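Containing compact mmCIF, C-alpha atoms: upload.txt.
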```txt
# COMPACT_ATOMS: atom_id res chain seq x y z
CA MET G 299 5.88 -10.20 -49.29
CA ILE G 300 7.05 -12.47 -46.50
CA LEU G 301 7.33 -16.23 -46.85
CA TYR G 302 6.29 -17.92 -43.60
CA PRO G 303 7.46 -21.54 -43.43
CA ALA G 304 4.97 -23.55 -41.39
CA ILE G 305 5.90 -25.87 -38.55
CA ASP G 306 2.81 -27.73 -37.38
CA LEU G 307 3.32 -29.48 -34.06
CA LYS G 308 1.60 -32.71 -33.07
CA ASP G 309 2.80 -34.91 -30.23
CA GLY G 310 6.08 -32.96 -30.13
CA ARG G 311 6.92 -33.54 -33.80
CA ALA G 312 6.78 -31.43 -36.94
CA VAL G 313 3.96 -32.80 -39.11
CA ARG G 314 1.58 -31.82 -41.87
CA LEU G 315 -2.08 -32.74 -42.06
CA VAL G 316 -4.49 -32.91 -44.99
CA HIS G 317 -7.56 -30.65 -44.61
CA GLY G 318 -6.76 -30.42 -40.91
CA GLU G 319 -7.61 -34.07 -40.25
CA MET G 320 -5.59 -35.23 -37.25
CA ASP G 321 -5.54 -38.85 -38.48
CA GLN G 322 -4.02 -37.83 -41.82
CA GLU G 323 -0.58 -36.76 -40.70
CA THR G 324 2.84 -37.01 -42.25
CA VAL G 325 5.78 -36.64 -39.87
CA PHE G 326 8.50 -34.50 -41.43
CA ASN G 327 10.85 -33.99 -38.50
CA GLU G 328 11.08 -35.52 -35.04
CA ASN G 329 12.96 -32.38 -33.92
CA PRO G 330 10.92 -29.21 -34.62
CA ALA G 331 13.69 -26.89 -33.43
CA ALA G 332 16.13 -28.47 -35.89
CA GLN G 333 13.56 -27.97 -38.63
CA ALA G 334 13.12 -24.35 -37.64
CA LEU G 335 16.86 -23.79 -37.77
CA GLU G 336 16.95 -25.26 -41.27
CA PHE G 337 14.44 -22.67 -42.42
CA VAL G 338 16.33 -19.86 -40.70
CA SER G 339 19.65 -21.00 -42.16
CA ALA G 340 18.07 -20.92 -45.61
CA GLY G 341 17.16 -17.27 -45.13
CA CYS G 342 13.61 -17.29 -43.75
CA GLU G 343 12.89 -14.18 -41.71
CA TRP G 344 9.74 -15.44 -39.92
CA LEU G 345 8.38 -18.76 -38.64
CA HIS G 346 4.74 -19.83 -38.50
CA LEU G 347 4.04 -22.30 -35.69
CA VAL G 348 0.82 -24.20 -34.95
CA ASP G 349 0.09 -26.28 -31.87
CA LEU G 350 -2.30 -28.79 -33.46
CA ASN G 351 -2.98 -30.70 -30.26
CA GLY G 352 -3.57 -27.41 -28.48
CA ALA G 353 -6.10 -26.29 -31.08
CA PHE G 354 -8.29 -29.28 -30.21
CA ALA G 355 -7.58 -29.30 -26.47
CA GLY G 356 -8.10 -25.57 -25.99
CA THR G 357 -4.83 -25.21 -24.09
CA PRO G 358 -1.13 -25.33 -25.10
CA ILE G 359 0.07 -28.93 -25.50
CA ASN G 360 3.29 -28.55 -27.51
CA ALA G 361 4.77 -25.80 -25.37
CA GLU G 362 8.13 -27.52 -24.98
CA PRO G 363 9.07 -27.68 -28.69
CA VAL G 364 7.76 -24.15 -29.22
CA GLU G 365 9.92 -22.85 -26.39
CA GLU G 366 12.93 -24.66 -27.82
CA ILE G 367 12.34 -23.02 -31.19
CA LEU G 368 12.09 -19.60 -29.55
CA LYS G 369 15.37 -20.22 -27.69
CA GLN G 370 17.32 -21.42 -30.70
CA CYS G 371 16.02 -19.29 -33.57
CA PRO G 372 16.97 -15.61 -33.95
CA VAL G 373 13.97 -14.71 -36.14
CA PRO G 374 10.46 -13.74 -35.01
CA ALA G 375 7.79 -16.43 -34.78
CA GLN G 376 4.00 -16.43 -34.71
CA LEU G 377 1.99 -19.16 -32.98
CA GLY G 378 -1.61 -20.34 -33.05
CA GLY G 379 -3.45 -23.22 -31.44
CA GLY G 380 -4.91 -23.50 -27.96
CA ILE G 381 -4.41 -19.86 -26.96
CA ARG G 382 -7.70 -18.88 -25.39
CA ASP G 383 -7.09 -16.59 -22.42
CA MET G 384 -5.05 -13.51 -21.53
CA ALA G 385 -2.73 -15.41 -19.20
CA THR G 386 -1.63 -17.74 -22.00
CA ILE G 387 -1.17 -14.81 -24.38
CA GLU G 388 0.99 -12.99 -21.85
CA ARG G 389 3.00 -16.12 -21.08
CA TRP G 390 3.89 -16.69 -24.73
CA ILE G 391 4.84 -13.07 -25.34
CA THR G 392 6.99 -13.11 -22.20
CA LYS G 393 8.77 -16.16 -23.58
CA GLY G 394 9.69 -14.27 -26.72
CA LEU G 395 6.90 -15.00 -29.16
CA ALA G 396 6.58 -12.12 -31.62
CA ARG G 397 2.95 -12.69 -32.58
CA VAL G 398 0.07 -14.61 -31.00
CA ILE G 399 -2.64 -15.89 -33.36
CA LEU G 400 -6.18 -16.04 -31.99
CA GLY G 401 -8.66 -18.07 -34.02
CA THR G 402 -11.39 -19.71 -31.99
CA MET G 403 -11.50 -16.74 -29.64
CA ALA G 404 -12.03 -14.35 -32.55
CA VAL G 405 -15.46 -15.97 -32.91
CA GLU G 406 -16.28 -16.98 -29.34
CA ASN G 407 -14.73 -14.09 -27.41
CA PRO G 408 -13.89 -11.16 -29.70
CA GLN G 409 -13.47 -8.90 -26.69
CA LEU G 410 -10.44 -10.96 -25.67
CA VAL G 411 -8.89 -10.20 -29.07
CA ARG G 412 -9.54 -6.50 -28.58
CA ASP G 413 -8.22 -6.47 -25.03
CA ALA G 414 -5.09 -8.40 -26.03
CA ALA G 415 -4.41 -6.13 -29.01
CA HIS G 416 -4.67 -3.13 -26.69
CA GLU G 417 -2.43 -4.75 -24.07
CA PHE G 418 0.17 -6.04 -26.53
CA PRO G 419 0.28 -3.66 -29.52
CA GLY G 420 1.61 -5.23 -32.72
CA LYS G 421 1.63 -8.74 -31.27
CA ILE G 422 -1.93 -10.03 -31.79
CA ALA G 423 -3.10 -11.58 -35.05
CA VAL G 424 -6.43 -13.13 -35.93
CA GLY G 425 -6.57 -16.55 -37.57
CA ILE G 426 -9.56 -16.94 -39.88
CA ASP G 427 -9.96 -20.52 -41.10
CA ALA G 428 -12.82 -21.10 -43.51
CA ARG G 429 -14.64 -23.73 -45.54
CA HIS G 430 -16.68 -22.31 -48.41
CA GLY G 431 -16.29 -18.86 -46.87
CA LYS G 432 -17.63 -19.84 -43.43
CA VAL G 433 -15.39 -19.85 -40.36
CA ALA G 434 -14.47 -23.08 -38.57
CA THR G 435 -13.10 -23.14 -35.01
CA LYS G 436 -11.57 -25.51 -32.43
CA GLY G 437 -8.97 -26.98 -34.74
CA TRP G 438 -11.40 -26.66 -37.69
CA ALA G 439 -13.67 -29.26 -36.07
CA THR G 440 -16.56 -26.87 -35.36
CA GLU G 441 -18.46 -25.26 -38.23
CA THR G 442 -20.02 -21.82 -37.78
CA ASP G 443 -22.27 -19.64 -39.91
CA VAL G 444 -19.87 -16.71 -39.51
CA ASP G 445 -18.73 -15.19 -42.80
CA ALA G 446 -14.95 -14.90 -43.04
CA THR G 447 -14.97 -11.39 -44.48
CA ASP G 448 -17.51 -10.13 -41.95
CA LEU G 449 -15.34 -11.50 -39.14
CA ALA G 450 -12.25 -9.79 -40.53
CA LYS G 451 -14.07 -6.48 -40.89
CA SER G 452 -15.25 -6.65 -37.28
CA PHE G 453 -11.64 -6.25 -36.13
CA GLU G 454 -10.79 -3.24 -38.31
CA ASP G 455 -10.65 -0.93 -35.30
CA ALA G 456 -9.24 -3.46 -32.83
CA GLY G 457 -5.54 -2.93 -33.45
CA VAL G 458 -4.72 -6.45 -34.59
CA CYS G 459 -1.51 -6.62 -36.60
CA ALA G 460 -2.45 -9.28 -39.16
CA ILE G 461 -5.08 -11.73 -40.36
CA ILE G 462 -4.00 -15.23 -41.30
CA TYR G 463 -6.58 -16.49 -43.78
CA THR G 464 -6.67 -20.24 -44.38
CA ASP G 465 -8.85 -22.03 -46.89
CA ILE G 466 -9.22 -25.34 -45.06
CA LEU G 467 -10.12 -27.32 -48.17
CA ARG G 468 -6.80 -26.31 -49.74
CA ASP G 469 -4.62 -26.89 -46.68
CA GLY G 470 -2.09 -29.69 -47.08
CA ALA G 471 -3.69 -30.78 -50.36
CA MET G 472 -1.01 -29.34 -52.69
CA LYS G 473 -3.72 -27.99 -55.00
CA GLY G 474 -2.91 -24.30 -54.84
CA PRO G 475 -4.28 -21.50 -52.65
CA ASN G 476 -7.67 -19.86 -53.01
CA VAL G 477 -6.21 -16.75 -54.60
CA SER G 478 -9.51 -15.07 -55.41
CA ALA G 479 -10.93 -15.40 -51.88
CA THR G 480 -7.66 -14.33 -50.29
CA ALA G 481 -7.33 -11.33 -52.59
CA ALA G 482 -10.94 -10.33 -51.94
CA LEU G 483 -10.31 -10.42 -48.20
CA GLY G 484 -7.11 -8.43 -48.63
CA ARG G 485 -9.02 -5.74 -50.48
CA ALA G 486 -11.90 -5.74 -48.00
CA VAL G 487 -9.86 -4.81 -44.92
CA SER G 488 -6.96 -2.53 -44.08
CA ILE G 489 -5.42 -5.15 -41.76
CA PRO G 490 -2.47 -6.96 -43.39
CA VAL G 491 -3.57 -10.37 -44.70
CA ILE G 492 -1.38 -13.48 -44.81
CA ALA G 493 -2.41 -16.26 -47.20
CA SER G 494 -2.45 -19.86 -46.01
CA GLY G 495 -3.62 -23.20 -47.35
CA GLY G 496 -2.53 -24.97 -50.52
CA VAL G 497 0.56 -22.92 -51.42
CA SER G 498 2.44 -25.62 -53.33
CA SER G 499 4.52 -24.02 -56.10
CA LEU G 500 6.44 -20.95 -57.13
CA ALA G 501 3.54 -20.20 -59.45
CA ASP G 502 1.21 -20.10 -56.44
CA LEU G 503 3.47 -17.59 -54.72
CA GLU G 504 3.64 -15.52 -57.89
CA ALA G 505 -0.16 -15.58 -58.17
CA LEU G 506 -0.56 -14.33 -54.61
CA LYS G 507 2.08 -11.67 -55.11
CA THR G 508 0.40 -10.33 -58.25
CA CYS G 509 -3.24 -10.73 -57.18
CA ASP G 510 -3.89 -7.00 -56.97
CA ALA G 511 -4.34 -7.09 -53.21
CA PRO G 512 -1.88 -5.81 -50.58
CA LEU G 513 -1.07 -9.17 -49.02
CA ASN G 514 1.55 -9.26 -46.28
CA GLY G 515 2.81 -12.74 -47.09
CA ALA G 516 2.11 -16.41 -47.61
CA ILE G 517 2.45 -19.52 -45.44
CA SER G 518 3.70 -22.77 -46.92
CA GLY G 519 4.33 -26.10 -45.26
CA ARG G 520 4.12 -29.40 -47.10
CA ALA G 521 5.52 -28.01 -50.36
CA LEU G 522 8.68 -26.86 -48.57
CA TYR G 523 9.13 -30.25 -46.90
CA ASP G 524 8.41 -32.21 -50.09
CA GLY G 525 10.68 -30.00 -52.19
CA ALA G 526 7.84 -28.90 -54.47
CA ILE G 527 8.92 -25.35 -53.68
CA ASP G 528 12.62 -24.53 -53.81
CA LEU G 529 13.05 -22.40 -50.71
CA ALA G 530 15.90 -20.29 -52.06
CA GLN G 531 13.97 -19.48 -55.23
CA ALA G 532 10.82 -18.77 -53.21
CA LEU G 533 12.60 -16.32 -50.93
CA LYS G 534 14.11 -14.56 -53.95
CA LEU G 535 10.70 -14.32 -55.60
CA MET G 536 9.00 -12.93 -52.52
CA LYS G 537 11.66 -10.26 -52.04
CA ALA G 538 11.73 -9.15 -55.68
```
Would you encode the structure as structure tokens?
Amino acid sequence: MILYPAIDLKDGRAVRLVHGEMDQETVFNENPAAQALEFVSAGCEWLHLVDLNGAFAGTPINAEPVEEILKQCPVPAQLGGGIRDMATIERWITKGLARVILGTMAVENPQLVRDAAHEFPGKIAVGIDARHGKVATKGWATETDVDATDLAKSFEDAGVCAIIYTDILRDGAMKGPNVSATAALGRAVSIPVIASGGVSSLADLEALKTCDAPLNGAISGRALYDGAIDLAQALKLMKA
């Protein structure tokens, strides 16, 4: 499994939110590229980036720090937040982004996801963010009645390379991931699933790794910044 360290971008800084609430932020680094390099130097092989402002605005807002990360870091990165048309997708891939994450558009314009996956094979992922199993969009501010598993299944034949599944109520709360829901999703689809939300200890990573579902990896943010997860030990665990 792959450990994806999360760098959430708000107003040009690396922050973490609680339950996705924009007014509950903790700033962890004023220089996101420096933070990214720290993760890479420690041995991380991927980076998970989120443009928080962009998720609400519907257009990229933190493009400058993302571009700086792409320039400085020699490992692949995936990005979500505010990517809602083909031109933006193409622009990010041209700039060196390895994987574009489409969340809101997976609900509002699934054909865009399919078209992008066809146009850019292996570079389009779907972000499924859910509360109580129902998908939320637009930076988690808009509730839908769409079932997370049904949404994932609808892209089985689309050619997407991964699904990032986030339990919103666990995100940033340091209370552990929703292992059962994540594992159930991983078993329900053939698309590789990445767990996100609440990963706050080595035990959490172990639980995801041994959950009897073929998960691709796990995303962790606050726990890495706070030191609740020792990054070196986590990387060793995930590779074992």
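Distance check against Val373 of chain G using all atoms listed in the file: of G:Gly352, G:Pro358, G:Gly341, G:Pro330, the minimum falls on G:Gly341.
Among the candidate residues G:His346, G:Lys393, G:Arg485, G:His416, the one lying nearest to Glu366 of chain G is G:Lys393, with distances computed using all atoms listed in the file.
Take atom CA of Leu395 of chain G and atom CA of Val338 of chain G: the distance between them is 15.7 Å.
Atom CA of Gln376 of chain G lies 22.7 Å from atom CA of Gly474 of chain G.
Our summary of the geometry notes that atom CA of Val398 of chain G is positioned 11.7 Å from atom CA of Asp349 of chain G.
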Neighbour residues at most 12 Å from (1.8, -7.6, -55.0) (only C-alpha atoms) as an NGL selection string: :G and (299-300 or 481 or 484-485 or 491 or 503-516 or 535-538)
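The list of residues with at least one atom within 10 Å of Asn327 of chain G, based on all atoms listed in the file and without residues fewer than 2 positions apart in the same chain, reads Ile305, Leu307, Gly310, Arg311, Ala312, Val313, Thr324, Val325, Asn329, Pro330, Ala331, Ala332, Gln333, Ala334 and Tyr523 of chain G.
For Val497 of chain G, the non-local neighbours within 6 Å, defined as residues at least 4 positions apart in the same chain or in other chains and counting all atoms listed in the file, are G:Gly474, G:Pro475, G:Asp502, G:Ser518.
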Using C-alpha atoms, can you write the selected residues to a file as a PDB file, in the coordinates of the input?
```pdb
ATOM      1  CA  GLY G 474      -2.910 -24.300 -54.840  1.00  0.00           C
ATOM      2  CA  PRO G 475      -4.280 -21.500 -52.650  1.00  0.00           C
ATOM      3  CA  ASP G 502       1.210 -20.100 -56.440  1.00  0.00           C
ATOM      4  CA  SER G 518       3.700 -22.770 -46.920  1.00  0.00           C
TER       5      SER G 518
END
```
Using only C-alpha atoms: which of G:Met403, G:Leu335, G:Ile381, G:Ala340 has the shortest distance to Ala530 of chain G: G:Ala340
Residue nearest Ala355 of chain G among G:Ser498, G:Thr392, G:Thr402, G:Gln322 (counting all atoms listed in the file): G:Thr402
Neighbours of point (-7.7, -20.6, -54.2) within 12 Å, using only C-alpha atoms, written as a VMD selection string: chain G and resid 428 to 431 463 to 469 471 to 482 493 to 498 502 to 503 505 to 506 509
Residue contacts of Phe418 of chain G (10 Å, only C-alpha atoms) excluding same-chain residues fewer than 4 positions away, as a VMD selection string: chain G and resid 387 to 388 391 397 to 398 412 to 414 422 457 to 458
Minimum-distance residue to Ile517 of chain G, chosen among G:Pro372, G:Ala353, G:Leu347, G:Phe326 (using all atoms listed in the file): G:Leu347
Among listed residues G:Asn351, G:Thr435, G:Leu377, G:Phe337, nearest Asp321 of chain G (using only C-alpha atoms): G:Asn351
